[in-house]
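Enquirer: Following this line is target32.pdb, made up of PDB, C-alpha atoms:
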```
ATOM      1  CA  MET Y   1     157.661 190.293 119.566  1.00  0.00           C
ATOM      2  CA  THR Y   2     155.400 190.240 122.595  1.00  0.00           C
ATOM      3  CA  LYS Y   3     153.230 187.233 123.242  1.00  0.00           C
ATOM      4  CA  GLN Y   4     150.051 189.254 122.725  1.00  0.00           C
ATOM      5  CA  LEU Y   5     151.261 190.639 119.371  1.00  0.00           C
ATOM      6  CA  PHE Y   6     152.351 187.184 118.206  1.00  0.00           C
ATOM      7  CA  LEU Y   7     148.922 185.736 119.014  1.00  0.00           C
ATOM      8  CA  LEU Y   8     147.210 188.611 117.172  1.00  0.00           C
ATOM      9  CA  VAL Y   9     149.308 188.083 114.033  1.00  0.00           C
ATOM     10  CA  PHE Y  10     148.937 184.304 114.183  1.00  0.00           C
ATOM     11  CA  SER Y  11     145.144 184.576 114.635  1.00  0.00           C
ATOM     12  CA  GLY Y  12     144.921 186.899 111.651  1.00  0.00           C
ATOM     13  CA  PHE Y  13     146.895 184.413 109.517  1.00  0.00           C
ATOM     14  CA  ILE Y  14     144.586 181.535 110.486  1.00  0.00           C
ATOM     15  CA  MET Y  15     141.435 183.536 109.738  1.00  0.00           C
ATOM     16  CA  ASN Y  16     142.822 184.658 106.395  1.00  0.00           C
ATOM     17  CA  THR Y  17     143.687 181.090 105.374  1.00  0.00           C
ATOM     18  CA  ALA Y  18     140.568 179.352 106.681  1.00  0.00           C
ATOM     19  CA  PHE Y  19     137.890 181.801 105.714  1.00  0.00           C
ATOM     20  CA  GLY Y  20     139.181 183.208 102.479  1.00  0.00           C
ATOM     21  CA  GLN Y  21     140.573 186.510 101.357  1.00  0.00           C
ATOM     22  CA  SER Y  22     138.751 189.544 100.061  1.00  0.00           C
ATOM     23  CA  ASP Y  23     140.486 189.129  96.712  1.00  0.00           C
ATOM     24  CA  CYS Y  24     139.847 185.381  96.461  1.00  0.00           C
ATOM     25  CA  LYS Y  25     138.264 184.865  93.040  1.00  0.00           C
ATOM     26  CA  VAL Y  26     135.565 182.532  91.735  1.00  0.00           C
ATOM     27  CA  LYS Y  27     135.734 181.813  87.991  1.00  0.00           C
ATOM     28  CA  PHE Y  28     131.979 181.891  87.581  1.00  0.00           C
ATOM     29  CA  LYS Y  29     130.241 185.130  86.619  1.00  0.00           C
ATOM     30  CA  GLU Y  30     126.971 183.986  88.229  1.00  0.00           C
ATOM     31  CA  LEU Y  31     128.799 183.651  91.577  1.00  0.00           C
ATOM     32  CA  ASN Y  32     130.985 186.744  91.486  1.00  0.00           C
ATOM     33  CA  GLY Y  33     129.207 188.632  94.275  1.00  0.00           C
ATOM     34  CA  SER Y  34     130.979 187.354  97.375  1.00  0.00           C
ATOM     35  CA  TYR Y  35     133.038 184.391  98.543  1.00  0.00           C
ATOM     36  CA  THR Y  36     133.794 182.994 101.978  1.00  0.00           C
ATOM     37  CA  GLY Y  37     135.982 179.958 102.388  1.00  0.00           C
ATOM     38  CA  ALA Y  38     139.320 178.362 101.639  1.00  0.00           C
ATOM     39  CA  CYS Y  39     141.622 180.060  99.171  1.00  0.00           C
ATOM     40  CA  LYS Y  40     144.784 179.193  97.262  1.00  0.00           C
ATOM     41  CA  LYS Y  41     146.839 181.462  95.016  1.00  0.00           C
ATOM     42  CA  GLY Y  42     144.015 183.960  94.798  1.00  0.00           C
ATOM     43  CA  TYR Y  43     141.274 181.500  93.807  1.00  0.00           C
ATOM     44  CA  ALA Y  44     138.620 179.558  95.696  1.00  0.00           C
ATOM     45  CA  GLU Y  45     140.120 176.194  96.623  1.00  0.00           C
ATOM     46  CA  GLY Y  46     138.609 173.759  99.092  1.00  0.00           C
ATOM     47  CA  HIS Y  47     135.314 174.258 100.904  1.00  0.00           C
ATOM     48  CA  GLY Y  48     133.503 177.555 100.638  1.00  0.00           C
ATOM     49  CA  THR Y  49     130.380 179.519  99.798  1.00  0.00           C
ATOM     50  CA  ALA Y  50     130.009 181.785  96.767  1.00  0.00           C
ATOM     51  CA  LYS Y  51     127.088 184.124  96.110  1.00  0.00           C
ATOM     52  CA  GLY Y  52     126.138 186.015  92.997  1.00  0.00           C
ATOM     53  CA  ASP Y  53     123.237 188.363  92.298  1.00  0.00           C
ATOM     54  CA  ALA Y  54     120.829 185.395  92.364  1.00  0.00           C
ATOM     55  CA  ASP Y  55     122.782 182.108  92.457  1.00  0.00           C
ATOM     56  CA  ILE Y  56     124.435 180.490  95.481  1.00  0.00           C
ATOM     57  CA  TYR Y  57     126.918 177.612  95.636  1.00  0.00           C
ATOM     58  CA  LYS Y  58     128.104 175.913  98.809  1.00  0.00           C
ATOM     59  CA  GLY Y  59     130.622 173.120  98.570  1.00  0.00           C
ATOM     60  CA  TYR Y  60     134.076 172.353  97.280  1.00  0.00           C
ATOM     61  CA  PHE Y  61     136.099 174.383  94.792  1.00  0.00           C
ATOM     62  CA  LYS Y  62     139.226 173.811  92.735  1.00  0.00           C
ATOM     63  CA  LYS Y  63     141.057 176.613  90.953  1.00  0.00           C
ATOM     64  CA  GLY Y  64     138.073 178.911  91.374  1.00  0.00           C
ATOM     65  CA  LEU Y  65     135.394 176.535  90.068  1.00  0.00           C
ATOM     66  CA  PRO Y  66     132.883 174.235  91.796  1.00  0.00           C
ATOM     67  CA  HIS Y  67     134.659 170.877  91.899  1.00  0.00           C
ATOM     68  CA  GLY Y  68     133.737 167.956  94.140  1.00  0.00           C
ATOM     69  CA  THR Y  69     130.504 167.713  96.122  1.00  0.00           C
ATOM     70  CA  GLY Y  70     128.302 170.719  96.673  1.00  0.00           C
ATOM     71  CA  THR Y  71     124.896 172.375  96.417  1.00  0.00           C
ATOM     72  CA  TYR Y  72     124.084 174.893  93.688  1.00  0.00           C
ATOM     73  CA  THR Y  73     120.913 176.956  94.011  1.00  0.00           C
ATOM     74  CA  TRP Y  74     119.780 179.050  91.047  1.00  0.00           C
ATOM     75  CA  GLY Y  75     117.832 182.261  91.403  1.00  0.00           C
ATOM     76  CA  ASN Y  76     114.795 180.625  89.752  1.00  0.00           C
ATOM     77  CA  GLY Y  77     114.578 178.022  92.539  1.00  0.00           C
ATOM     78  CA  ASN Y  78     116.267 175.100  90.783  1.00  0.00           C
ATOM     79  CA  VAL Y  79     118.648 173.142  93.022  1.00  0.00           C
ATOM     80  CA  TYR Y  80     121.397 170.615  92.287  1.00  0.00           C
ATOM     81  CA  ILE Y  81     122.973 168.535  95.048  1.00  0.00           C
ATOM     82  CA  GLY Y  82     125.819 166.286  94.024  1.00  0.00           C
ATOM     83  CA  SER Y  83     129.155 166.084  92.295  1.00  0.00           C
ATOM     84  CA  PHE Y  84     130.794 168.789  90.174  1.00  0.00           C
ATOM     85  CA  SER Y  85     133.806 168.822  87.865  1.00  0.00           C
ATOM     86  CA  LYS Y  86     135.375 172.040  86.557  1.00  0.00           C
ATOM     87  CA  GLY Y  87     132.228 174.011  87.289  1.00  0.00           C
ATOM     88  CA  LYS Y  88     129.729 171.605  85.745  1.00  0.00           C
ATOM     89  CA  MET Y  89     127.394 168.974  87.156  1.00  0.00           C
ATOM     90  CA  ASN Y  90     129.357 165.770  86.707  1.00  0.00           C
ATOM     91  CA  GLY Y  91     128.862 162.450  88.452  1.00  0.00           C
ATOM     92  CA  LYS Y  92     126.096 161.405  90.808  1.00  0.00           C
ATOM     93  CA  GLY Y  93     123.523 163.919  91.937  1.00  0.00           C
ATOM     94  CA  VAL Y  94     119.939 165.138  92.172  1.00  0.00           C
ATOM     95  CA  LEU Y  95     118.606 168.098  90.158  1.00  0.00           C
ATOM     96  CA  THR Y  96     115.265 169.597  91.180  1.00  0.00           C
ATOM     97  CA  ILE Y  97     113.679 171.788  88.505  1.00  0.00           C
ATOM     98  CA  LYS Y  98     110.684 174.103  88.903  1.00  0.00           C
ATOM     99  CA  ASP Y  99     108.816 175.375  85.856  1.00  0.00           C
ATOM    100  CA  ALA Y 100     106.855 178.613  85.454  1.00  0.00           C
ATOM    101  CA  GLU Y 101     103.773 176.989  87.016  1.00  0.00           C
ATOM    102  CA  ASN Y 102     105.824 175.743  89.989  1.00  0.00           C
ATOM    103  CA  LYS Y 103     105.627 172.135  88.821  1.00  0.00           C
ATOM    104  CA  VAL Y 104     108.577 170.135  90.146  1.00  0.00           C
ATOM    105  CA  THR Y 105     110.662 167.689  88.096  1.00  0.00           C
ATOM    106  CA  VAL Y 106     113.427 165.650  89.733  1.00  0.00           C
ATOM    107  CA  GLN Y 107     116.358 164.210  87.792  1.00  0.00           C
ATOM    108  CA  LYS Y 108     118.148 161.678  89.989  1.00  0.00           C
ATOM    109  CA  GLY Y 109     121.148 159.689  88.846  1.00  0.00           C
ATOM    110  CA  PHE Y 110     124.215 160.646  86.847  1.00  0.00           C
ATOM    111  CA  PHE Y 111     125.306 163.790  85.034  1.00  0.00           C
ATOM    112  CA  LYS Y 112     128.072 164.383  82.510  1.00  0.00           C
ATOM    113  CA  LYS Y 113     129.442 167.801  81.547  1.00  0.00           C
ATOM    114  CA  GLY Y 114     126.324 169.493  82.868  1.00  0.00           C
ATOM    115  CA  GLU Y 115     123.808 167.173  81.189  1.00  0.00           C
ATOM    116  CA  TYR Y 116     121.615 164.505  82.777  1.00  0.00           C
ATOM    117  CA  ILE Y 117     122.493 161.075  81.331  1.00  0.00           C
ATOM    118  CA  GLY Y 118     120.096 158.909  83.327  1.00  0.00           C
ATOM    119  CA  GLU Y 119     119.542 156.854  86.427  1.00  0.00           C
ATOM    120  CA  TYR Y 120     122.625 154.783  85.638  1.00  0.00           C
ATOM    121  CA  LYS Y 121     126.155 155.871  84.799  1.00  0.00           C
ATOM    122  CA  THR Y 122     126.331 153.675  81.697  1.00  0.00           C
ATOM    123  CA  PRO Y 123     123.518 152.243  79.510  1.00  0.00           C
ATOM    124  CA  TYR Y 124     124.724 148.695  80.192  1.00  0.00           C
ATOM    125  CA  LYS Y 125     127.242 146.720  82.226  1.00  0.00           C
ATOM    126  CA  VAL Y 126     128.940 143.396  81.489  1.00  0.00           C
ATOM    127  CA  ILE Y 127     129.181 141.817  84.925  1.00  0.00           C
ATOM    128  CA  SER Y 128     131.147 138.694  84.005  1.00  0.00           C
ATOM    129  CA  LYS Y 129     132.303 136.603  81.051  1.00  0.00           C
ATOM    130  CA  ARG Y 130     133.806 133.133  80.844  1.00  0.00           C
ATOM    131  CA  GLU Y 131     135.423 131.301  77.926  1.00  0.00           C
ATOM    132  CA  VAL Y 132     134.689 134.140  75.471  1.00  0.00           C
ATOM    133  CA  LYS Y 133     136.964 136.661  73.775  1.00  0.00           C
ATOM    134  CA  ASN Y 134     134.789 139.767  73.859  1.00  0.00           C
ATOM    135  CA  VAL Y 135     131.247 140.958  74.488  1.00  0.00           C
ATOM    136  CA  TYR Y 136     129.932 143.795  72.304  1.00  0.00           C
ATOM    137  CA  VAL Y 137     126.705 145.513  73.339  1.00  0.00           C
ATOM    138  CA  GLN Y 138     125.212 148.061  70.963  1.00  0.00           C
ATOM    139  CA  GLU Y 139     121.935 149.898  70.541  1.00  0.00           C
ATOM    140  CA  VAL Y 140     120.110 149.108  67.296  1.00  0.00           C
ATOM    141  CA  PRO Y 141     117.197 150.853  65.506  1.00  0.00           C
ATOM    142  CA  LYS Y 142     113.738 149.942  66.767  1.00  0.00           C
ATOM    143  CA  GLN Y 143     112.066 147.508  64.372  1.00  0.00           C
ATOM    144  CA  ILE Y 144     109.039 146.168  66.223  1.00  0.00           C
ATOM    145  CA  SER Y 145     105.918 148.282  66.717  1.00  0.00           C
ATOM    146  CA  GLY Y 146     104.610 149.589  69.992  1.00  0.00           C
ATOM    147  CA  GLU Y 147     106.037 152.245  72.283  1.00  0.00           C
ATOM    148  CA  ASP Y 148     107.161 149.823  74.987  1.00  0.00           C
ATOM    149  CA  ASN Y 149     107.986 146.795  72.838  1.00  0.00           C
ATOM    150  CA  TYR Y 150     111.728 146.307  72.987  1.00  0.00           C
ATOM    151  CA  GLU Y 151     113.906 143.300  72.364  1.00  0.00           C
ATOM    152  CA  ILE Y 152     117.447 142.114  72.956  1.00  0.00           C
ATOM    153  CA  THR Y 153     119.065 139.898  70.327  1.00  0.00           C
ATOM    154  CA  VAL Y 154     121.950 137.600  71.203  1.00  0.00           C
ATOM    155  CA  LYS Y 155     124.448 136.710  68.486  1.00  0.00           C
ATOM    156  CA  ILE Y 156     127.458 134.415  68.753  1.00  0.00           C
ATOM    157  CA  LYS Y 157     130.337 135.549  66.554  1.00  0.00           C
ATOM    158  CA  ASN Y 158     132.458 132.494  65.831  1.00  0.00           C
ATOM    159  CA  ASP Y 159     135.865 133.140  64.256  1.00  0.00           C
ATOM    160  CA  SER Y 160     136.965 129.512  64.701  1.00  0.00           C
ATOM    161  CA  ASN Y 161     135.629 126.160  63.549  1.00  0.00           C
ATOM    162  CA  GLU Y 162     133.898 125.442  66.828  1.00  0.00           C
ATOM    163  CA  ALA Y 163     130.182 124.645  66.675  1.00  0.00           C
ATOM    164  CA  VAL Y 164     127.939 126.399  69.173  1.00  0.00           C
ATOM    165  CA  ARG Y 165     125.466 124.249  71.071  1.00  0.00           C
ATOM    166  CA  ASN Y 166     122.800 124.607  73.724  1.00  0.00           C
ATOM    167  CA  LEU Y 167     122.403 128.384  73.651  1.00  0.00           C
ATOM    168  CA  THR Y 168     120.410 129.315  76.745  1.00  0.00           C
ATOM    169  CA  ILE Y 169     119.209 132.718  77.918  1.00  0.00           C
ATOM    170  CA  ASN Y 170     118.039 133.063  81.508  1.00  0.00           C
ATOM    171  CA  ASP Y 171     116.197 136.207  82.546  1.00  0.00           C
ATOM    172  CA  LEU Y 172     114.664 136.642  85.988  1.00  0.00           C
ATOM    173  CA  ASN Y 173     112.797 139.811  84.963  1.00  0.00           C
ATOM    174  CA  GLY Y 174     109.750 138.145  83.379  1.00  0.00           C
ATOM    175  CA  SER Y 175     110.514 138.862  79.725  1.00  0.00           C
ATOM    176  CA  ASN Y 176     109.601 136.530  76.860  1.00  0.00           C
ATOM    177  CA  ILE Y 177     112.526 134.508  75.507  1.00  0.00           C
ATOM    178  CA  ILE Y 178     112.202 133.038  72.026  1.00  0.00           C
ATOM    179  CA  GLY Y 179     115.298 131.464  70.511  1.00  0.00           C
ATOM    180  CA  ASN Y 180     118.084 134.042  70.649  1.00  0.00           C
ATOM    181  CA  LYS Y 181     115.798 136.983  71.501  1.00  0.00           C
ATOM    182  CA  ILE Y 182     114.440 138.498  74.688  1.00  0.00           C
ATOM    183  CA  GLN Y 183     111.163 140.220  73.821  1.00  0.00           C
ATOM    184  CA  ASN Y 184     108.871 142.694  75.574  1.00  0.00           C
ATOM    185  CA  VAL Y 185     111.782 143.751  77.750  1.00  0.00           C
ATOM    186  CA  LYS Y 186     111.056 145.805  80.860  1.00  0.00           C
ATOM    187  CA  PHE Y 187     114.012 148.056  81.668  1.00  0.00           C
ATOM    188  CA  PRO Y 188     116.222 148.063  83.587  1.00  0.00           C
ATOM    189  CA  ILE Y 189     116.867 144.369  82.970  1.00  0.00           C
ATOM    190  CA  LYS Y 190     119.445 142.864  85.306  1.00  0.00           C
ATOM    191  CA  LYS Y 191     121.518 139.698  85.522  1.00  0.00           C
ATOM    192  CA  ILE Y 192     120.813 138.341  82.056  1.00  0.00           C
ATOM    193  CA  GLU Y 193     122.676 135.039  81.821  1.00  0.00           C
ATOM    194  CA  ILE Y 194     123.708 133.767  78.386  1.00  0.00           C
ATOM    195  CA  SER Y 195     125.351 130.336  78.291  1.00  0.00           C
ATOM    196  CA  PHE Y 196     126.357 127.829  75.624  1.00  0.00           C
ATOM    197  CA  THR Y 197     128.843 125.064  74.907  1.00  0.00           C
ATOM    198  CA  THR Y 198     131.171 124.493  71.967  1.00  0.00           C
ATOM    199  CA  SER Y 199     132.167 121.398  70.050  1.00  0.00           C
ATOM    200  CA  THR Y 200     135.589 121.466  71.719  1.00  0.00           C
ATOM    201  CA  GLY Y 201     134.030 121.178  75.167  1.00  0.00           C
ATOM    202  CA  HIS Y 202     134.192 124.790  76.328  1.00  0.00           C
ATOM    203  CA  SER Y 203     131.362 126.008  78.555  1.00  0.00           C
ATOM    204  CA  ALA Y 204     130.829 129.735  78.029  1.00  0.00           C
ATOM    205  CA  ARG Y 205     128.771 132.148  80.073  1.00  0.00           C
ATOM    206  CA  VAL Y 206     128.113 135.902  80.001  1.00  0.00           C
ATOM    207  CA  THR Y 207     126.191 137.888  82.624  1.00  0.00           C
ATOM    208  CA  LEU Y 208     125.123 141.487  82.018  1.00  0.00           C
ATOM    209  CA  ASP Y 209     122.719 144.273  82.926  1.00  0.00           C
ATOM    210  CA  ILE Y 210     121.069 146.629  80.430  1.00  0.00           C
ATOM    211  CA  TYR Y 211     119.560 149.823  81.824  1.00  0.00           C
ATOM    212  CA  LYS Y 212     118.577 152.027  78.888  1.00  0.00           C
ATOM    213  CA  LYS Y 213     115.208 151.512  77.216  1.00  0.00           C
ATOM    214  CA  ALA Y 214     116.046 150.560  73.611  1.00  0.00           C
ATOM    215  CA  ASN Y 215     116.585 147.643  71.220  1.00  0.00           C
ATOM    216  CA  TRP Y 216     119.951 145.985  71.789  1.00  0.00           C
ATOM    217  CA  LEU Y 217     122.314 143.558  70.091  1.00  0.00           C
ATOM    218  CA  VAL Y 218     124.580 141.488  72.328  1.00  0.00           C
ATOM    219  CA  GLU Y 219     127.355 139.995  70.229  1.00  0.00           C
ATOM    220  CA  ILE Y 220     129.606 137.436  71.900  1.00  0.00           C
ATOM    221  CA  SER Y 221     132.892 136.664  70.199  1.00  0.00           C
ATOM    222  CA  ILE Y 222     134.480 133.239  70.772  1.00  0.00           C
TER     223      ILE Y 222
END
```
Output the structure of this file as structure tokens.
Expert:
Amino acid sequence: MTKQLFLLVFSGFIMNTAFGQSDCKVKFKELNGSYTGACKKGYAEGHGTAKGDADIYKGYFKKGLPHGTGTYTWGNGNVYIGSFSKGKMNGKGVLTIKDAENKVTVQKGFFKKGEYIGEYKTPYKVISKREVKNVYVQEVPKQISGEDNYEITVKIKNDSNEAVRNLTINDLNGSNIIGNKIQNVKFPIKKIEISFTTSTGHSARVTLDIYKKANWLVEISI
């Protein structure tokens, strides 16, 4: 094979691998118009751009579906920039939505299986715990009146004979603390510190954040 012919064949192989094949498929009917990008076993795999009749996606693919980071633009003007999994918005991202009157709504935070779940990935997070068995955090029905009146109740679940003493709740967010309750909570509430001692001399402490606006029960098992 001459040098010129070898270079021509090699260049064609590189272009075919890097920029996609004419028969490289995208498993998304809204993006079935054209595809340019990396390909593997006949499907979009790696970075590429897919265009349908109205929708456009530019980003990473896996087995023919948007997977990884990318930008999806719908024909109606809505745009999502962020993480995808198996063709759906999943993980951290920003979705910009335009209504019929061109009013813009922005959803920024985390998505799961195509649905927006909020600014935070989870509704709460236990940051640390010391000298306790478990910390259970659960949402409870709203009992106090007022749209923005929420409270967090702390309960110590004692399965032993130890007496609980000196229960203290420290909140740097400006909420009202009465006994074992944090009232008039402004969410997100971060770095709530719950501490107490036991009759056997243990000094327990739990630190947590709660992001979702709701009534909550924090049950600490010792």
Enquirer: Name the residues captured by the PyMOL selection byres ((chain Y and resi 129) around 9) when it is applied to the shown file; answer as an mmCIF file with C-alpha atoms, in the coordinates of the input.
Expert:
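Here's the written file part23.cif:
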```
data_model
loop_
_atom_site.group_PDB
_atom_site.id
_atom_site.type_symbol
_atom_site.label_atom_id
_atom_site.label_comp_id
_atom_site.auth_asym_id
_atom_site.auth_seq_id
_atom_site.Cartn_x
_atom_site.Cartn_y
_atom_site.Cartn_z
ATOM 1 C CA VAL Y 126 128.940 143.396 81.489
ATOM 2 C CA ILE Y 127 129.181 141.817 84.925
ATOM 3 C CA SER Y 128 131.147 138.694 84.005
ATOM 4 C CA ARG Y 130 133.806 133.133 80.844
ATOM 5 C CA GLU Y 131 135.423 131.301 77.926
ATOM 6 C CA VAL Y 132 134.689 134.140 75.471
ATOM 7 C CA LYS Y 133 136.964 136.661 73.775
ATOM 8 C CA ASN Y 134 134.789 139.767 73.859
ATOM 9 C CA VAL Y 135 131.247 140.958 74.488
ATOM 10 C CA ALA Y 204 130.829 129.735 78.029
ATOM 11 C CA ARG Y 205 128.771 132.148 80.073
ATOM 12 C CA VAL Y 206 128.113 135.902 80.001
ATOM 13 C CA THR Y 207 126.191 137.888 82.624
ATOM 14 C CA LEU Y 208 125.123 141.487 82.018
#
```
Enquirer: Find the residues near Y:Ile81: any atom within 10 Å, counting all atoms listed in the file, skip ones fewer than 2 places away on the same chain, and give them as a VMD selection string.
Expert: chain Y and resid 57 to 59 69 to 73 79 83 to 84 89 92 to 96 108
Enquirer: Would you work out the distance separating atom CA of Y:Asp148 from atom CA of Y:Asp171, expressed in Å to one decimal?
Expert: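 One can read the atom CA of Y:Asp148 to atom CA of Y:Asp171 distance as 18.0 Å.
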Enquirer: Looking at Y:Lys113, Y:Thr105, Y:Ala44, Y:Leu217, which one is nearest to Y:Tyr136, with distances taken over only C-alpha atoms?
Expert: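 Nearest to Y:Tyr136: Y:Leu217.
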Enquirer: Rank nothing, just name the residue among Y:Val164, Y:Ala100, Y:Leu65, Y:Ile194 nearest to Y:Phe28, using only C-alpha atoms.
Expert: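 For Y:Phe28, the nearest of the candidates is Y:Leu65.
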Enquirer: I'd like the neighbourhood of Y:Glu30 as a PyMOL selection string, where a residue qualifies if any of its atoms comes within 10 Å (using only C-alpha atoms), though same-chain residues fewer than 2 positions away should be ignored.
Expert: chain Y and resi 26-28+32-33+50-57+74-75
Enquirer: Report as a ChimeraX atom specification the residues that result from applying the PyMOL selection byres ((chain Y and resi 209) around 9) to the structure here.
Expert: /Y:123-127,188-192,207-208,210-211
Enquirer: Padding of 4 Å on every side, edges along x, y and z, all listed atoms of stretch 159-169 of chain Y included: what centre and edge lengths in Å, to one decimal, does that box have, as JSON?
Expert:
```
{"center_x": 128.1, "center_y": 128.7, "center_z": 70.7, "size_x": 25.8, "size_y": 16.9, "size_z": 22.4}
```
Enquirer: Record the distance separating atom CA of Y:Asn149 and atom CA of Y:Asn184, expressed in Å with one decimal.
Expert: 5.0 Å
Enquirer: Report, in Å with one decimal, the straight-line distance from atom CA of Y:Val106 to atom CA of Y:Tyr60.
Expert: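 Between these atoms lies a distance of 23.0 Å.
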